[in-house]
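Taking it in order: structure first as structure tokens, then the write-up.
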Amino acid sequence: MNDRLGSSVDRASPDMIPRYHQALDFEALWREFPPPPDYFSGTYRLSRDQMRAMQEQRFLRQMERAWQVPFYRRHWSAAGMEPGDIRGLDDLARIPPFSVHDMRESAGNDPPWADYIGIDPAEHAPLPLILQTSGGTTGLPRPMIFTPRDREVMNIITGRRLYMQGVRPFDLVQVALSMGLTNGGVLAREGIWKYTGAVPVMTGSGAQTPTRRQIELIKAWKAKFLIGFPAYLRHMGLVARDELKLDPRELPVKGLIVHLGTDDRAALEALWGADVYDTYGCNECGTMAAECGHKSGMHVFEDAFVLEVNDPETLQPRSEGERGVVFITTLFKYAAPMIRYNMNDVTSVAAGECACGCVHRRITKIFGRSDNMVKLRGVNVFPEAIGAIVSEDARTNGEYVCVLESAEGGRESMTVMVETADQSMPPDVIEGELADRLKEALGVRLDVQAVARGGLDHLTGLSQTSKIKRLIDRRRSASS
């Protein structure tokens with residue numbers, strides 16, 4: 001590990017201020033995790049066997065570090081594990097997974113110094129650290145602390161995936177992600193600035209820079225790339241087209257870099273006249289996978305991660321093309337190493353090889369979250385799947401929210417609220433026909449309520465935040 005973290009025996013005085021450039025051997029780190037473009041002539045071209053050998057070494061080092069972290073000592077000892085039981089990646093499935101619920105419990109004991117972080121200010125010498133959090137939609141946001149090594153590897157991978165998606169020196173990259181406690185916007189800025197040669201334009205969400213002003217900046221400053229969530233970039237394109245009378249296809253943007261999920265890529269590309277690239281990442285460890293220019297699945301950065309796709313019930317590996325939940329194991333982290341972290345994101349492993357020549361593992365798309373799934377009258381319903389169907393209907397602008405409520409007799413109902421794009425069409429026609437389409441696709445009858453454009457903003461937070469709500473569960477409030 002490259003972080004120069006002191007132990008209790010060499011605890012520095014409180015007056016010592018750690019310096020970032022002295023906390024990390026950058027040259028050694030860049031050899032271990034090559035930034036672009038070096039990555040693409042080296043690690044990116046490794047064979048499956050060569051990558052596996054690299055992962056084995058890094059995995060054992062990560063396990064050694066994890067045994068020093070109180071969270072894992074407690075979690076693994078409770079399952080009967082002892083140091084030395086895990087001898088390599090072939091034993092990975094023997095390690096009990098953990099989820100966000102375990103992390104919340106850990107964080108509640110001594111926030112923000114949760115015992116999954118593995119750094120104790122009372123024992124360790126000072127080190128430059130940064131704190132970012134989860135979205136915090138329930139309770140306090142979940143803290144995550146990063147050491148220089150953690151952060152720089154995440155920045156390097158950000159640089160890699162942006163290079164894969166066409167970003168080059170002096171390009172202006174406009175970042176429409178919230179700037180604050182959450183990690184996405186800040187991490188994008190760091191990665192662009194340090195490892196692409198491009199220039200980050202940090203407009204943030206619509207709450208920080210109004211949407212109209214964002215469009216004015218794109219036009220005036222000639223931003224070539226936009227980073228944001230697809231729903232907001234769709235909203236931005238519609239504001240440009242319908243309110244400012246600017247054709248988004250005539251703006252200088254040539255790439256939209258998003259967490260696409262089940263959103264309609266073709267519609268977004270048609271709106272902007274630009275390529276849309278999918279990316280997968282999380283607060284805890286940054287970007288884990290990203291599409292290249294061939295858009296044939298997201299390449300996993302396997303020198304930094306072991307990504308499993310497992311059955312959510314049996315925890316057994318899923319075959320290519322079969323959907324399962326993501327378990328992530330990091331191969332680089334000092335603070336809060338992630339060992340079989342159940343992300344609860346649903347995906348599948350992509351079949352075959354990419355035309356780019358990289359043979360590393362790829363995933364298809366994120367179909368939704370397993371913990372976001374609703375069982376409605378015996379049918380598993382994902383809000384993201386509903387959104388994909390809504391976006392296919394040209395009479396809507398693609399905006400939606402699902403409202404789950406309890407009815408009389410304990411029966412549960414879901415209302416899908418959508419925004420209309422065609423004001424001339426009677427809302428009841430859209431509601432009836434879309435309800436029929438949802439029943440046909442999902443196998444369960446849902447109510448549909450059509451509202452005017454912008455009518456869901458107060459529920460979804462589309463113009464205010466990157467954390468857009470697609471499911472509102474009113475069952476608990478009704479019963480309390």
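As shown in the structure tokens, the chain order sets the letters A, B, ...; within each chain, residues go from 1, and ligands are also counted from 1 in the order they appear.
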Subject >> Within 10 Å of Asn183 in chain A using only C-alpha atoms, minus same-chain residues under 2 positions, as number ranges by chain >> reply: A: 131-135, 144, 177-181, 185-188, 282-286
Go ahead and dump the residues you just picked, C-alpha atoms, as a PDB file, in the first residue's frame.
```pdb
ATOM      1  CA  LEU A 131     -15.003  12.832   3.515  1.00  0.00           C
ATOM      2  CA  GLN A 132     -17.885  12.315   1.095  1.00  0.00           C
ATOM      3  CA  THR A 133     -21.210  10.658   1.711  1.00  0.00           C
ATOM      4  CA  SER A 134     -24.082   8.704   0.270  1.00  0.00           C
ATOM      5  CA  GLY A 135     -27.213  10.582  -0.735  1.00  0.00           C
ATOM      6  CA  MET A 144     -16.940   7.502   3.570  1.00  0.00           C
ATOM      7  CA  LEU A 177     -23.921  16.703 -10.860  1.00  0.00           C
ATOM      8  CA  SER A 178     -24.650  18.031  -7.394  1.00  0.00           C
ATOM      9  CA  MET A 179     -21.687  19.562  -5.598  1.00  0.00           C
ATOM     10  CA  GLY A 180     -21.744  18.945  -1.857  1.00  0.00           C
ATOM     11  CA  LEU A 181     -21.500  15.988   0.477  1.00  0.00           C
ATOM     12  CA  GLY A 185     -19.562  15.880  -8.757  1.00  0.00           C
ATOM     13  CA  VAL A 186     -16.428  16.341  -6.669  1.00  0.00           C
ATOM     14  CA  LEU A 187     -14.856  13.109  -7.952  1.00  0.00           C
ATOM     15  CA  ALA A 188     -15.631  14.041 -11.560  1.00  0.00           C
ATOM     16  CA  CYS A 282     -20.727   4.259  -6.414  1.00  0.00           C
ATOM     17  CA  ASN A 283     -19.899   6.581  -3.547  1.00  0.00           C
ATOM     18  CA  GLU A 284     -17.691   4.047  -1.797  1.00  0.00           C
ATOM     19  CA  CYS A 285     -15.177   3.430  -4.574  1.00  0.00           C
ATOM     20  CA  GLY A 286     -15.892   5.587  -7.646  1.00  0.00           C
TER      21      GLY A 286
END
```
Write out as a compact mmCIF listing (two decimals) with C-alpha atoms, in the first residue's frame each polymer residue whose atoms come within 12 Å of Asp436 in chain A, counting only C-alpha atoms; drop sequence neighbours fewer than 5 positions from it.
```
# COMPACT_ATOMS: atom_id res chain seq x y z
CA ILE A 389 -41.84 1.80 -20.86
CA VAL A 390 -42.88 5.39 -20.16
CA VAL A 429 -56.44 8.71 -23.38
CA ILE A 430 -52.76 8.64 -22.44
CA GLU A 431 -53.61 7.25 -19.00
CA ALA A 441 -45.32 -5.66 -20.20
CA LEU A 442 -45.31 -6.19 -16.43
CA GLY A 443 -48.26 -8.51 -15.86
CA VAL A 444 -49.93 -6.32 -13.24
CA ARG A 445 -52.44 -3.49 -13.51
CA LEU A 446 -51.11 -0.06 -12.43
CA ASP A 447 -52.97 3.23 -12.28
CA VAL A 448 -51.60 6.02 -14.47
```
Which residues of range 144-197 of chain A have any atom within 9 Å of an atom in range 289-309 of chain A when counting only C-alpha atoms, and what is the closest pair of atoms for each, with the distance in Å to one decimal? Order the rows by chain and rising number and write it as a tab-separated table.
```
residue	atom	partner	partner_atom	distance
A:Val153	CA	A:Ala304	CA	8.3
A:Ile157	CA	A:Phe301	CA	7.7
A:Arg161	CA	A:Ala290	CA	5.9
A:Leu162	CA	A:Ala290	CA	8.7
A:Tyr163	CA	A:Cys292	CA	8.8
A:Met164	CA	A:Cys292	CA	5.0
A:Gln165	CA	A:Cys292	CA	5.7
A:Gly166	CA	A:Gly293	CA	7.7
```
The selected residues should be written to file as a PDB file, in the first residue's frame (atoms: C-alpha atoms).
```pdb
ATOM      1  CA  VAL A 153      -6.806   5.522  -7.795  1.00  0.00           C
ATOM      2  CA  ILE A 157     -10.034   5.457 -13.160  1.00  0.00           C
ATOM      3  CA  ARG A 161     -13.192   6.108 -18.510  1.00  0.00           C
ATOM      4  CA  LEU A 162     -13.409   9.683 -19.798  1.00  0.00           C
ATOM      5  CA  TYR A 163     -10.556   8.962 -22.220  1.00  0.00           C
ATOM      6  CA  MET A 164     -12.444   5.841 -23.372  1.00  0.00           C
ATOM      7  CA  GLN A 165     -15.436   8.078 -24.050  1.00  0.00           C
ATOM      8  CA  GLY A 166     -13.571  10.640 -26.132  1.00  0.00           C
TER       9      GLY A 166
END
```
Original post:
What lies within 10 Å of Ile86 in chain A using only C-alpha atoms, ignoring chain neighbours under 5 positions off, as number ranges by chain?
Top reply: A: 60, 63, 81, 91-95
Selected residues written out, C-alpha atoms, as a PDB file, in the first residue's frame:
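The resulting out_5.pdb:
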```
ATOM      1  CA  LEU A  60      -4.452 -11.052  -0.892  1.00  0.00           C
ATOM      2  CA  MET A  63      -7.524  -9.121   2.583  1.00  0.00           C
ATOM      3  CA  MET A  81     -13.590 -16.976   9.608  1.00  0.00           C
ATOM      4  CA  ASP A  91     -12.127 -18.833  -1.936  1.00  0.00           C
ATOM      5  CA  LEU A  92     -13.963 -15.548  -2.514  1.00  0.00           C
ATOM      6  CA  ALA A  93     -17.414 -17.147  -2.248  1.00  0.00           C
ATOM      7  CA  ARG A  94     -16.567 -18.343   1.284  1.00  0.00           C
ATOM      8  CA  ILE A  95     -16.467 -14.743   2.520  1.00  0.00           C
TER       9      ILE A  95
END
```
**OP:** Take CA of Trp272 in chain A and CA of Val173 in chain A and report the distance between them in Å, one decimal.
**Re:**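 CA of Val173 in chain A lies 15.4 Å from CA of Trp272 in chain A.
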Subject >> Nearest residue to Ile17 in chain A from the set A:Leu127, A:Ile218, A:Ile366, A:Ile117 (distances using only C-alpha atoms) >> reply: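 Among the listed residues, A:Leu127 lies closest to Ile17 in chain A.
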Subject >> Pick from A:Ser106, A:Ala114, A:Thr182, A:Ala176, whichever lies nearest to Gln208 in chain A using only C-alpha atoms >> reply: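 For Gln208 in chain A, the nearest of the given residues is A:Ala176.
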Original post:
Which value, in Å to one decimal, gives the distance between CA of Asp393 in chain A and CA of Met417 in chain A?
Top reply: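 Spanning CA of Asp393 in chain A to CA of Met417 in chain A is a straight-line distance of 13.4 Å.
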Original post:
At what distance in Å, to one decimal, does CA of Asp242 in chain A lie from CA of Leu268 in chain A?
Top reply: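 Computing it gives 15.3 Å between the two atoms.
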**OP:** Counting only C-alpha atoms, figure out which residue out of A:Ala240, A:Val199, A:Val100, A:Ile227 gets nearest to Gly184 in chain A.
**Re:** A:Ile227
**OP:** Apply DSSP to the backbone of this structure and, from range 255-426 of chain A, keep only the residues in strand (DSSP E or B); write these as a VMD selection string.
**Re:** chain A and resid 255 to 258 275 to 282 286 to 291 298 to 300 305 to 310 317 324 to 330 341 to 347 349 362 to 363 368 to 369 374 to 376 379 to 381 396 to 406 412 to 420
Given the selection you just returned, output its residues as a file containing C-alpha atoms, formatted as a tab-separated table (two decimals), in the first residue's frame.
```tsv
chain	number	residue	atom	x	y	z
A	255	GLY	CA	-20.84	13.33	-25.84
A	256	LEU	CA	-23.17	12.75	-22.88
A	257	ILE	CA	-21.57	10.75	-20.05
A	258	VAL	CA	-24.22	9.24	-17.78
A	275	ASP	CA	-23.21	9.98	-28.34
A	276	VAL	CA	-24.39	8.70	-24.96
A	277	TYR	CA	-21.93	6.67	-22.89
A	278	ASP	CA	-22.87	4.51	-19.92
A	279	THR	CA	-20.85	4.37	-16.69
A	280	TYR	CA	-21.24	2.46	-13.41
A	281	GLY	CA	-19.90	3.56	-10.04
A	282	CYS	CA	-20.73	4.26	-6.41
A	286	GLY	CA	-15.89	5.59	-7.65
A	287	THR	CA	-16.16	4.29	-11.21
A	288	MET	CA	-16.12	0.50	-11.52
A	289	ALA	CA	-17.06	0.03	-15.18
A	290	ALA	CA	-17.57	2.15	-18.29
A	291	GLU	CA	-18.39	1.84	-21.96
A	298	MET	CA	-19.30	-1.55	-19.67
A	299	HIS	CA	-15.71	-2.68	-19.22
A	300	VAL	CA	-14.92	-3.49	-15.60
A	305	PHE	CA	-12.06	-4.43	-8.73
A	306	VAL	CA	-13.40	-7.95	-8.65
A	307	LEU	CA	-17.03	-7.69	-9.74
A	308	GLU	CA	-19.39	-10.62	-9.16
A	309	VAL	CA	-22.94	-10.99	-10.48
A	310	ASN	CA	-24.78	-13.33	-8.11
A	317	PRO	CA	-22.74	-16.81	-9.63
A	324	GLY	CA	-28.17	-10.92	-10.67
A	325	VAL	CA	-26.94	-8.46	-8.06
A	326	VAL	CA	-23.49	-6.89	-8.03
A	327	PHE	CA	-20.99	-7.82	-5.32
A	328	ILE	CA	-17.90	-5.61	-5.45
A	329	THR	CA	-14.45	-6.27	-3.98
A	330	THR	CA	-11.86	-3.50	-4.18
A	341	TYR	CA	-20.06	-5.49	-0.81
A	342	ASN	CA	-23.58	-6.27	-2.02
A	343	MET	CA	-24.42	-3.22	-4.11
A	344	ASN	CA	-28.03	-4.41	-4.66
A	345	ASP	CA	-27.74	-3.23	-8.25
A	346	VAL	CA	-29.16	-5.62	-10.83
A	347	THR	CA	-27.09	-6.32	-13.95
A	349	VAL	CA	-22.41	-10.14	-17.53
A	362	ARG	CA	-18.07	-6.40	-19.16
A	363	ILE	CA	-21.52	-5.83	-17.73
A	368	GLY	CA	-32.50	-1.32	-11.24
A	369	ARG	CA	-31.92	-1.97	-7.57
A	374	VAL	CA	-41.78	-3.76	-5.12
A	375	LYS	CA	-43.81	-6.97	-4.90
A	376	LEU	CA	-47.25	-5.95	-6.06
A	379	VAL	CA	-45.45	-9.58	-9.29
A	380	ASN	CA	-41.95	-8.12	-8.92
A	381	VAL	CA	-42.05	-4.53	-10.16
A	396	THR	CA	-44.76	11.72	-22.56
A	397	ASN	CA	-41.48	13.53	-22.02
A	398	GLY	CA	-40.10	10.49	-20.16
A	399	GLU	CA	-40.53	11.92	-16.68
A	400	TYR	CA	-42.28	9.68	-14.17
A	401	VAL	CA	-42.62	8.75	-10.51
A	402	CYS	CA	-44.22	5.69	-8.92
A	403	VAL	CA	-46.37	6.25	-5.84
A	404	LEU	CA	-47.04	3.18	-3.71
A	405	GLU	CA	-49.97	3.31	-1.30
A	406	SER	CA	-52.08	1.06	0.91
A	412	GLU	CA	-51.51	-2.21	-2.16
A	413	SER	CA	-51.74	-0.04	-5.24
A	414	MET	CA	-49.23	1.81	-7.39
A	415	THR	CA	-49.92	4.94	-9.37
A	416	VAL	CA	-47.51	5.84	-12.14
A	417	MET	CA	-47.48	9.61	-12.59
A	418	VAL	CA	-46.13	10.82	-15.95
A	419	GLU	CA	-45.55	14.19	-17.58
A	420	THR	CA	-47.11	14.77	-20.98
```
Subject >> Option closest in space to Gln174 in chain A, from A:Pro210, A:Pro121, A:Pro200, A:Pro96 [counting only C-alpha atoms] >> reply: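 Smallest separation from Gln174 in chain A among the options: A:Pro200.
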Subject >> Shell of 9 Å around Leu238 in chain A, only C-alpha atoms, local chain residues under 4 positions omitted, as a list in words >> reply: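 Surrounding residues, per the criterion: Leu233, Arg234, Asp242, Glu243, Pro248, Leu271 and Asn397 of chain A.
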Print the selection's residues with N, CA and C atoms to a file, as a PDB file, in the first residue's frame.
```
ATOM      1  N   LEU A 233     -30.281  15.580 -18.110  1.00  0.00           N
ATOM      2  CA  LEU A 233     -29.790  15.986 -19.427  1.00  0.00           C
ATOM      3  C   LEU A 233     -30.923  15.989 -20.448  1.00  0.00           C
ATOM      4  N   ARG A 234     -31.881  15.089 -20.293  1.00  0.00           N
ATOM      5  CA  ARG A 234     -33.074  15.125 -21.152  1.00  0.00           C
ATOM      6  C   ARG A 234     -33.856  16.410 -20.876  1.00  0.00           C
ATOM      7  N   ASP A 242     -37.552  23.705 -26.371  1.00  0.00           N
ATOM      8  CA  ASP A 242     -38.926  24.187 -26.280  1.00  0.00           C
ATOM      9  C   ASP A 242     -39.040  25.575 -25.664  1.00  0.00           C
ATOM     10  N   GLU A 243     -38.110  25.937 -24.770  1.00  0.00           N
ATOM     11  CA  GLU A 243     -38.227  27.235 -24.100  1.00  0.00           C
ATOM     12  C   GLU A 243     -37.266  28.270 -24.676  1.00  0.00           C
ATOM     13  N   PRO A 248     -30.823  21.504 -29.591  1.00  0.00           N
ATOM     14  CA  PRO A 248     -29.669  20.922 -28.888  1.00  0.00           C
ATOM     15  C   PRO A 248     -28.673  20.265 -29.831  1.00  0.00           C
ATOM     16  N   LEU A 271     -32.126  13.537 -29.305  1.00  0.00           N
ATOM     17  CA  LEU A 271     -32.419  14.878 -28.790  1.00  0.00           C
ATOM     18  C   LEU A 271     -31.202  15.790 -28.902  1.00  0.00           C
ATOM     19  N   ASN A 397     -42.857  13.049 -21.873  1.00  0.00           N
ATOM     20  CA  ASN A 397     -41.476  13.535 -22.017  1.00  0.00           C
ATOM     21  C   ASN A 397     -40.491  12.625 -21.291  1.00  0.00           C
TER      22      ASN A 397
END
```
